[in-house]
Structure formats: structure tokens, C-alpha cells
file protein-v9.txt (compact mmCIF, C-alpha atoms)
# COMPACT_ATOMS: atom_id res chain seq x y z
CA GLU A 1 141.96 -65.16 55.64
CA VAL A 2 139.57 -66.25 52.89
CA GLN A 3 137.85 -63.32 51.22
CA LEU A 4 135.29 -63.26 48.42
CA VAL A 5 134.34 -59.82 47.12
CA GLU A 6 131.53 -59.46 44.61
CA THR A 7 131.04 -56.50 42.28
CA GLY A 8 128.95 -55.62 39.27
CA GLY A 9 125.44 -55.48 40.66
CA GLY A 10 122.88 -52.79 39.96
CA LEU A 11 119.59 -51.90 38.33
CA VAL A 12 118.98 -53.39 34.89
CA LEU A 13 116.05 -53.46 32.50
CA PRO A 14 114.23 -56.73 31.80
CA GLY A 15 115.76 -58.55 28.87
CA ARG A 16 119.16 -56.90 29.30
CA SER A 17 122.47 -58.36 30.50
CA LEU A 18 124.75 -57.94 33.48
CA LYS A 19 128.07 -59.50 34.49
CA LEU A 20 129.05 -60.11 38.09
CA SER A 21 132.62 -60.59 39.29
CA CYS A 22 134.03 -62.11 42.45
CA VAL A 23 137.65 -61.61 43.44
CA ALA A 24 138.98 -64.31 45.74
CA SER A 25 141.92 -64.09 48.11
CA GLY A 26 143.41 -65.98 51.03
CA PHE A 27 143.42 -69.42 49.38
CA THR A 28 144.68 -71.20 46.28
CA PHE A 29 141.81 -70.31 43.95
CA ASN A 30 142.49 -72.92 41.29
CA ASN A 31 142.16 -75.75 43.82
CA TYR A 32 138.47 -75.13 44.48
CA TRP A 33 135.12 -75.44 42.79
CA MET A 34 133.25 -72.15 42.98
CA SER A 35 129.57 -71.27 42.83
CA TRP A 36 126.99 -68.52 42.81
CA THR A 37 123.95 -68.61 45.07
CA ARG A 38 121.21 -65.99 45.20
CA GLN A 39 118.54 -64.74 47.60
CA PRO A 40 115.50 -62.73 46.45
CA PRO A 41 114.48 -59.97 48.87
CA GLY A 42 112.84 -61.49 51.96
CA LYS A 43 113.12 -65.02 50.58
CA GLY A 44 115.35 -68.07 50.89
CA LEU A 45 118.53 -69.19 49.18
CA GLU A 46 118.74 -70.61 45.65
CA TRP A 47 121.79 -72.17 44.02
CA VAL A 48 122.53 -70.57 40.66
CA ALA A 49 125.67 -72.12 39.18
CA SER A 50 128.84 -74.09 39.94
CA ILE A 51 132.12 -74.46 38.09
CA THR A 52 134.92 -76.97 38.51
CA ASN A 53 138.35 -75.82 39.71
CA SER A 54 139.77 -75.96 36.18
CA GLY A 55 136.75 -74.27 34.64
CA GLY A 56 136.22 -77.24 32.38
CA SER A 57 132.67 -77.99 33.50
CA ALA A 58 129.74 -75.95 34.78
CA TYR A 59 126.36 -76.78 36.29
CA TYR A 60 123.08 -74.82 36.43
CA PRO A 61 119.51 -75.23 37.64
CA ASP A 62 116.76 -75.16 35.01
CA SER A 63 115.72 -71.66 36.16
CA VAL A 64 118.87 -70.06 34.68
CA LYS A 65 120.16 -72.67 32.20
CA GLY A 66 120.73 -71.11 28.79
CA ARG A 67 120.63 -67.56 30.21
CA PHE A 68 123.46 -67.52 32.79
CA THR A 69 127.09 -68.53 32.28
CA ILE A 70 129.59 -69.07 35.07
CA SER A 71 133.28 -68.75 34.25
CA ARG A 72 136.57 -68.16 36.00
CA ASP A 73 140.03 -66.72 35.41
CA ASN A 74 142.40 -68.67 37.62
CA ALA A 75 145.30 -66.35 36.81
CA GLN A 76 143.30 -63.41 38.19
CA ASN A 77 141.62 -65.34 41.05
CA THR A 78 138.29 -64.16 39.72
CA LEU A 79 134.90 -65.81 39.28
CA TYR A 80 132.27 -64.43 36.90
CA LEU A 81 128.56 -64.75 36.29
CA GLN A 82 127.27 -63.53 32.93
CA MET A 83 123.52 -63.02 33.16
CA ASN A 84 121.55 -62.56 29.93
CA SER A 85 117.83 -62.13 29.20
CA LEU A 86 117.26 -60.99 32.75
CA ARG A 87 113.79 -61.27 34.26
CA SER A 88 112.15 -59.65 37.27
CA GLU A 89 112.39 -62.96 39.12
CA ASP A 90 116.20 -62.76 38.88
CA THR A 91 116.10 -59.82 41.31
CA ALA A 92 118.18 -60.96 44.27
CA THR A 93 121.35 -60.63 46.24
CA TYR A 94 123.97 -62.78 44.52
CA TYR A 95 126.60 -64.49 46.64
CA CYS A 96 129.94 -65.87 45.50
CA THR A 97 130.62 -69.11 47.34
CA ARG A 98 133.46 -71.60 47.67
CA ALA A 99 132.93 -75.33 47.82
CA PRO A 100 135.50 -77.16 49.97
CA ASN A 101 135.56 -80.07 47.52
CA TRP A 102 133.55 -81.37 44.55
CA GLU A 103 130.39 -81.58 46.71
CA PRO A 104 128.17 -78.51 46.34
CA TYR A 105 128.02 -77.18 49.84
CA PHE A 106 129.73 -73.89 50.65
CA ASP A 107 132.31 -73.16 53.32
CA TYR A 108 132.88 -69.50 52.48
CA TRP A 109 130.47 -66.85 51.25
CA GLY A 110 130.95 -63.31 50.02
CA GLN A 111 128.88 -60.43 51.39
CA GLY A 112 126.75 -60.43 48.26
CA VAL A 113 125.84 -57.96 45.54
CA MET A 114 122.32 -56.79 44.73
CA VAL A 115 120.84 -57.18 41.25
CA THR A 116 117.51 -55.50 40.55
CA VAL A 117 115.69 -56.25 37.30
CA SER A 118 113.00 -53.66 36.74
CA SER A 119 111.68 -51.26 34.18
CA ASP B 1 114.41 -81.57 42.62
CA VAL B 2 114.71 -82.51 46.28
CA GLN B 3 112.41 -80.35 48.39
CA MET B 4 113.68 -79.36 51.83
CA THR B 5 111.07 -78.52 54.47
CA GLN B 6 112.28 -76.71 57.55
CA SER B 7 110.42 -76.29 60.82
CA PRO B 8 109.58 -74.26 62.74
CA TYR B 9 109.49 -71.13 60.61
CA ASN B 10 110.00 -68.95 63.69
CA LEU B 11 111.50 -69.84 67.03
CA ALA B 12 111.79 -67.64 70.13
CA ALA B 13 114.19 -68.56 72.91
CA SER B 14 116.29 -67.05 75.68
CA PRO B 15 120.06 -67.16 76.19
CA GLY B 16 121.05 -70.34 77.98
CA GLU B 17 118.20 -72.39 76.51
CA SER B 18 118.58 -75.20 74.01
CA VAL B 19 116.70 -75.27 70.70
CA SER B 20 116.23 -77.65 67.80
CA ILE B 21 115.51 -76.89 64.15
CA ASN B 22 114.22 -79.63 61.88
CA CYS B 23 114.73 -80.25 58.20
CA LYS B 24 112.92 -82.89 56.15
CA ALA B 25 113.96 -83.95 52.65
CA SER B 26 111.42 -85.12 50.06
CA LYS B 27 113.59 -88.16 49.37
CA SER B 28 116.57 -89.80 51.02
CA ILE B 29 119.73 -87.70 50.83
CA SER B 30 121.90 -90.06 52.90
CA LYS B 31 124.16 -87.85 55.03
CA TYR B 32 124.53 -85.00 52.52
CA LEU B 33 123.10 -82.15 54.52
CA ALA B 34 124.59 -78.82 55.57
CA TRP B 35 123.42 -76.11 57.97
CA TYR B 36 124.16 -72.38 57.61
CA GLN B 37 123.68 -69.32 59.78
CA GLN B 38 122.74 -65.97 58.25
CA LYS B 39 123.01 -62.66 60.10
CA PRO B 40 122.56 -59.09 58.78
CA GLY B 41 125.78 -57.49 57.63
CA LYS B 42 127.79 -60.71 57.95
CA ALA B 43 128.77 -63.38 55.47
CA ASN B 44 126.74 -66.57 55.70
CA LYS B 45 128.46 -69.14 57.86
CA LEU B 46 128.70 -72.90 57.33
CA LEU B 47 127.97 -74.61 60.66
CA ILE B 48 127.60 -78.32 59.89
CA TYR B 49 128.21 -80.53 56.85
CA ASP B 50 127.78 -84.23 56.16
CA GLU B 51 124.79 -84.09 58.56
CA SER B 52 126.87 -83.95 61.76
CA THR B 53 130.43 -82.76 61.06
CA LEU B 54 131.17 -79.46 62.76
CA GLN B 55 132.86 -76.91 60.50
CA SER B 56 136.22 -75.68 61.78
CA GLY B 57 135.85 -72.78 64.20
CA ILE B 58 132.20 -73.45 65.02
CA PRO B 59 131.47 -73.81 68.76
CA SER B 60 130.63 -77.29 70.04
CA ARG B 61 127.23 -76.11 71.29
CA PHE B 62 126.10 -76.61 67.68
CA SER B 63 125.37 -80.18 66.66
CA GLY B 64 123.65 -81.97 63.81
CA SER B 65 121.90 -85.32 63.69
CA GLY B 66 119.69 -87.47 61.49
CA SER B 67 120.02 -89.32 58.23
CA GLY B 68 118.01 -90.23 55.17
CA THR B 69 115.17 -87.75 55.17
CA ASP B 70 115.00 -86.27 58.68
CA PHE B 71 117.64 -84.00 60.18
CA THR B 72 118.00 -81.76 63.22
CA LEU B 73 120.23 -78.86 64.16
CA THR B 74 120.53 -78.46 67.92
CA ILE B 75 122.00 -75.45 69.65
CA ARG B 76 122.72 -75.97 73.35
CA SER B 77 123.05 -73.10 75.84
CA LEU B 78 122.17 -70.31 73.40
CA GLU B 79 124.54 -67.36 73.28
CA PRO B 80 123.37 -63.85 72.25
CA GLU B 81 125.29 -64.15 68.96
CA ASP B 82 123.31 -67.26 67.94
CA PHE B 83 120.13 -65.35 67.08
CA GLY B 84 119.54 -65.11 63.36
CA LEU B 85 118.38 -67.16 60.38
CA TYR B 86 119.26 -70.81 59.85
CA TYR B 87 119.08 -72.75 56.60
CA CYS B 88 119.51 -76.40 55.77
CA GLN B 89 120.78 -77.53 52.36
CA GLN B 90 120.98 -80.89 50.64
CA TYR B 91 123.84 -81.72 48.29
CA ASP B 92 123.13 -85.35 47.57
CA GLU B 93 122.08 -84.47 44.03
CA TYR B 94 121.91 -81.54 41.64
CA PRO B 95 120.45 -79.04 41.97
CA PRO B 96 121.50 -78.47 45.57
CA THR B 97 118.46 -77.09 47.38
CA PHE B 98 117.84 -75.15 50.56
CA GLY B 99 115.11 -75.10 53.16
CA ALA B 100 113.03 -71.94 53.54
CA GLY B 101 114.83 -70.93 56.72
CA THR B 102 114.14 -70.71 60.44
CA LYS B 103 114.30 -67.38 62.24
CA LEU B 104 115.68 -67.76 65.75
CA GLU B 105 114.63 -64.75 67.79
CA LEU B 106 115.30 -63.52 71.28
CA LYS B 107 112.36 -64.17 73.61
call {"tool": "encode", "arguments": {"input": "protein-v9.txt", "output": "C-alpha cells"}}
result
Amino acid sequence: EVQLVETGGGLVLPGRSLKLSCVASGFTFNNYWMSWTRQPPGKGLEWVASITNSGGSAYYPDSVKGRFTISRDNAQNTLYLQMNSLRSEDTATYYCTRAPNWEPYFDYWGQGVMVTVSS
Amino acid sequence: DVQMTQSPYNLAASPGESVSINCKASKSISKYLAWYQQKPGKANKLLIYDESTLQSGIPSRFSGSGSGTDFTLTIRSLEPEDFGLYYCQQYDEYPPTFGAGTKLELK
């Protein structure tokens, strides 16, 4: 059974940093592109970042480019999202997602972890 | 970025009825559209990809149609577990973008 379990969320001050982790199980992690997608409270879904199966390339929307970094440790079956210079508009539930191939749609989602950016 | 416009925003129906949710892209996205279901306390579920391909394990009462800019998710003979939020998503180009969602409620 595919499982994606996110950790690392919490309350953080504006301008500070936070690192999310996602432990994957039930599939061969290094065969799949992985992504993060977020959802602000009461709002819709927004793609945040994707990384190739090898970790050699990463993709971001303009809203987080230069502030967020996606990475992975294939030996530990773990995906990461380093978030720097956090803003109030980054407040959201962050989901770890698996892409079934190189196309960025998502066949498995984690339960999500909440990040609140507030003073 | 490709804007995805979903309609209706809210939809009320009864078990056994059929419903349709629409999604319009701001430019042609060929067949590169997915549909997801979101329910409280559960992981989001992929229903349809490539506009009309049913994800493994999804009941055949779900179907997708359309191409280019206009797409439809149809749910035939609604079951009680089908009530929730539905999102469309384009993946023809980066950044992948989602519609604002449709809330399917019990009438």
C-alpha cells in the first residue's frame, strides 16, 4: 500500500524558515517524480514544487521560486521541502504527492501537514 | 499560467442522481486534464487523468470527457460516499494549475 506521511509543520514567524519531510513507503521511491502541493485554509489547491526521480532537476512556480527548495533522499525514501523567507500567504496545508510518470498530475497524496506563518 | 474555471461552485444532488461538473481552461490543454476528489480526513483521490482515463480502483460511475479547453466530470447514480469537493487540474504546461473546486452536497 502506498503511503506518504508528512511531518515538520507548525507555527513560524514571518521571515523565518521551516523544513517539511515526507516519508514514502509501499513503492519504489526512486522510480517516481515527487511533488508538494498546498492548500490555504478554505481555498483551493496550488502546486508548489516537483522533483525528478533522480533529484537532478526541480521545478517551482514563481510564487515560491528562490524561497523554497525541494529535495529528496532516495536511500531514505524521503522527500523534503525547505521553506525560507516565509510569508503569511504561505500559510496552508502542505501535501506530499506522487506523480505516476514525468507528467505533473498526482496519483497519491499524503494527509497533509499544516504550516502557519504568523507573528 | 493556464487558468482553470470550474462550474458550478456548489452542487446539491440526491443519491441515485447523475451530476456533471465543468472545467474550462484559458487556453487549449489538449487532453492533459485530471480530476480529484477531496473529503475531510481522507487523502485526496485521483479519479480521472488524460481527460477520460479512469484511475485504477475508481468506480465506473465516474467518467470524464472533453478536449482542448472544455471538460466535464460526470458521476452517474450518485452514492453517499461521492459527496465532497472536486477539483480539476491541467498538466499540459508548467505550472500545473487547479480549478477553484466544486462542492457536491447532499440535497
call {"tool": "residues_around", "arguments": {"input": "protein-v9.txt", "residues": "range 68-75 of chain B", "least_positions_apart": "2", "cutoff": "8 Å", "atoms": "all atoms listed in the file", "output": "list in words"}}
result
Ser18, Val19, Ser20, Ile21, Asn22, Cys23, Lys24, Ala25, Ser26, Lys27, Ser28, Ile29, Ser30, Lys31, Trp35, Glu51, Arg61, Phe62, Ser63, Gly64, Ser65, Gly66, Ser77 and Leu78 of chain B
call {"tool": "residues_around", "arguments": {"input": "protein-v9.txt", "residues": "range 39-51 of chain A", "least_positions_apart": "6", "cutoff": "6 Å", "atoms": "all atoms listed in the file", "output": "ChimeraX atom specification"}}
result
/A:33,57-60,91-93 /B:100
call {"tool": "interface_residues", "arguments": {"input": "protein-v9.txt", "of": "chain B", "to": "chain A", "cutoff": "12 Å", "atoms": "all atoms listed in the file", "output": "JSON, numbers by chain"}}
result
{"B": [1, 3, 4, 5, 6, 9, 32, 33, 34, 35, 36, 37, 38, 39, 40, 41, 42, 43, 44, 45, 46, 47, 48, 49, 50, 51, 54, 55, 56, 57, 58, 85, 86, 87, 88, 89, 90, 91, 92, 93, 94, 95, 96, 97, 98, 99, 100, 101, 102, 103]}
call {"tool": "atom_distance", "arguments": {"input": "protein-v9.txt", "atom1": "CA of Val2 in chain B", "atom2": "CA of Thr53 in chain B"}}
result
21.6 Å
call {"tool": "atom_distance", "arguments": {"input": "protein-v9.txt", "atom1": "CA of Arg87 in chain A", "atom2": "CA of Val5 in chain A"}}
result
24.3 Å
call {"tool": "atom_distance", "arguments": {"input": "protein-v9.txt", "atom1": "CA of Lys19 in chain A", "atom2": "CA of Asn84 in chain A"}}
result
8.5 Å
call {"tool": "residues_around", "arguments": {"input": "protein-v9.txt", "residues": "Phe27 in chain A", "least_positions_apart": "6", "cutoff": "9 Å", "atoms": "all atoms listed in the file", "output": "PyMOL selection string"}}
result
chain A and resi 1-3
call {"tool": "closest_residue", "arguments": {"input": "protein-v9.txt", "among": "A:Tyr94, A:Asn30, A:Arg16, A:Ser25", "to": "Asp73 in chain A", "atoms": "only C-alpha atoms"}}
result
A:Asn30
call {"tool": "decode", "arguments": {"input": "protein-v9.txt", "residues": "range 66-79 of chain B", "atoms": "all heavy atoms", "output": "JSON list (two decimals), in the first residue's frame"}}
result
[["chain", "number", "residue", "atom", "x", "y", "z"],
["B", 66, "GLY", "N", -14.38, 15.58, -22.97],
["B", 66, "GLY", "CA", -13.94, 16.90, -23.40],
["B", 66, "GLY", "C", -12.58, 16.86, -24.03],
["B", 66, "GLY", "O", -11.95, 15.80, -24.12],
["B", 67, "SER", "N", -12.12, 18.02, -24.48],
["B", 67, "SER", "CA", -10.78, 18.16, -25.01],
["B", 67, "SER", "C", -10.53, 19.62, -25.34],
["B", 67, "SER", "O", -11.49, 20.39, -25.48],
["B", 67, "SER", "CB", -10.57, 17.30, -26.26],
["B", 67, "SER", "OG", -11.37, 17.78, -27.32],
["B", 68, "GLY", "N", -9.27, 19.99, -25.44],
["B", 68, "GLY", "CA", -8.96, 21.37, -25.79],
["B", 68, "GLY", "C", -9.12, 22.29, -24.59],
["B", 68, "GLY", "O", -8.21, 22.41, -23.76],
["B", 69, "THR", "N", -10.26, 22.94, -24.50],
["B", 69, "THR", "CA", -10.49, 23.88, -23.41],
["B", 69, "THR", "C", -11.67, 23.52, -22.50],
["B", 69, "THR", "O", -11.77, 24.07, -21.41],
["B", 69, "THR", "CB", -10.74, 25.30, -23.94],
["B", 69, "THR", "OG1", -11.89, 25.28, -24.79],
["B", 69, "THR", "CG2", -9.53, 25.81, -24.71],
["B", 70, "ASP", "N", -12.55, 22.65, -22.93],
["B", 70, "ASP", "CA", -13.76, 22.37, -22.17],
["B", 70, "ASP", "C", -13.87, 20.90, -21.78],
["B", 70, "ASP", "O", -13.80, 20.02, -22.65],
["B", 70, "ASP", "CB", -15.00, 22.78, -22.98],
["B", 70, "ASP", "CG", -15.07, 24.28, -23.16],
["B", 70, "ASP", "OD1", -15.42, 24.96, -22.20],
["B", 70, "ASP", "OD2", -14.74, 24.76, -24.26],
["B", 71, "PHE", "N", -14.04, 20.67, -20.47],
["B", 71, "PHE", "CA", -14.01, 19.33, -19.92],
["B", 71, "PHE", "C", -15.17, 19.14, -18.93],
["B", 71, "PHE", "O", -15.63, 20.11, -18.33],
["B", 71, "PHE", "CB", -12.68, 19.07, -19.21],
["B", 71, "PHE", "CG", -11.49, 19.25, -20.11],
["B", 71, "PHE", "CD1", -10.93, 20.51, -20.28],
["B", 71, "PHE", "CD2", -10.95, 18.18, -20.80],
["B", 71, "PHE", "CE1", -9.85, 20.69, -21.12],
["B", 71, "PHE", "CE2", -9.87, 18.36, -21.64],
["B", 71, "PHE", "CZ", -9.32, 19.61, -21.81],
["B", 72, "THR", "N", -15.58, 17.89, -18.78],
["B", 72, "THR", "CA", -16.69, 17.57, -17.89],
["B", 72, "THR", "C", -16.40, 16.30, -17.12],
["B", 72, "THR", "O", -15.93, 15.31, -17.70],
["B", 72, "THR", "CB", -18.00, 17.39, -18.69],
["B", 72, "THR", "OG1", -18.29, 18.59, -19.41],
["B", 72, "THR", "CG2", -19.16, 17.07, -17.76],
["B", 73, "LEU", "N", -16.67, 16.35, -15.81],
["B", 73, "LEU", "CA", -16.68, 15.16, -14.98],
["B", 73, "LEU", "C", -18.14, 14.80, -14.74],
["B", 73, "LEU", "O", -18.92, 15.65, -14.29],
["B", 73, "LEU", "CB", -15.98, 15.41, -13.65],
["B", 73, "LEU", "CG", -16.08, 14.29, -12.61],
["B", 73, "LEU", "CD1", -15.24, 13.08, -13.05],
["B", 73, "LEU", "CD2", -15.63, 14.76, -11.23],
["B", 74, "THR", "N", -18.51, 13.58, -15.05],
["B", 74, "THR", "CA", -19.88, 13.12, -14.83],
["B", 74, "THR", "C", -19.87, 11.98, -13.81],
["B", 74, "THR", "O", -19.02, 11.08, -13.90],
["B", 74, "THR", "CB", -20.51, 12.63, -16.14],
["B", 74, "THR", "OG1", -20.55, 13.72, -17.07],
["B", 74, "THR", "CG2", -21.94, 12.15, -15.90],
["B", 75, "ILE", "N", -20.76, 12.07, -12.87],
["B", 75, "ILE", "CA", -20.94, 11.00, -11.89],
["B", 75, "ILE", "C", -22.36, 10.48, -12.05],
["B", 75, "ILE", "O", -23.33, 11.23, -11.85],
["B", 75, "ILE", "CB", -20.72, 11.47, -10.45],
["B", 75, "ILE", "CG1", -19.44, 12.32, -10.33],
["B", 75, "ILE", "CG2", -20.63, 10.26, -9.50],
["B", 75, "ILE", "CD1", -19.27, 12.99, -8.98],
["B", 76, "ARG", "N", -22.48, 9.23, -12.45],
["B", 76, "ARG", "CA", -23.80, 8.62, -12.63],
["B", 76, "ARG", "C", -24.21, 7.90, -11.36],
["B", 76, "ARG", "O", -23.37, 7.34, -10.66],
["B", 76, "ARG", "CB", -23.76, 7.64, -13.79],
["B", 76, "ARG", "CG", -23.58, 8.25, -15.15],
["B", 76, "ARG", "CD", -23.59, 7.17, -16.25],
["B", 76, "ARG", "NE", -22.39, 6.33, -16.17],
["B", 76, "ARG", "CZ", -22.36, 5.10, -15.69],
["B", 76, "ARG", "NH1", -23.45, 4.54, -15.20],
["B", 76, "ARG", "NH2", -21.24, 4.41, -15.68],
["B", 77, "SER", "N", -25.51, 7.90, -11.07],
["B", 77, "SER", "CA", -26.05, 7.15, -9.93],
["B", 77, "SER", "C", -25.23, 7.42, -8.67],
["B", 77, "SER", "O", -24.54, 6.53, -8.15],
["B", 77, "SER", "CB", -26.08, 5.65, -10.24],
["B", 77, "SER", "OG", -26.89, 5.39, -11.35],
["B", 78, "LEU", "N", -25.30, 8.65, -8.19],
["B", 78, "LEU", "CA", -24.53, 9.06, -7.02],
["B", 78, "LEU", "C", -24.71, 8.11, -5.84],
["B", 78, "LEU", "O", -25.82, 7.68, -5.51],
["B", 78, "LEU", "CB", -24.97, 10.46, -6.58],
["B", 78, "LEU", "CG", -24.39, 11.65, -7.35],
["B", 78, "LEU", "CD1", -25.17, 12.91, -7.03],
["B", 78, "LEU", "CD2", -22.92, 11.82, -7.04],
["B", 79, "GLU", "N", -23.56, 7.81, -5.22],
["B", 79, "GLU", "CA", -23.54, 7.03, -3.98],
["B", 79, "GLU", "C", -23.27, 8.01, -2.82],
["B", 79, "GLU", "O", -22.70, 9.08, -3.03],
["B", 79, "GLU", "CB", -22.44, 5.98, -4.05],
["B", 79, "GLU", "CG", -22.65, 4.93, -5.12],
["B", 79, "GLU", "CD", -23.72, 3.91, -4.77],
["B", 79, "GLU", "OE1", -24.05, 3.80, -3.56],
["B", 79, "GLU", "OE2", -24.23, 3.24, -5.68]]
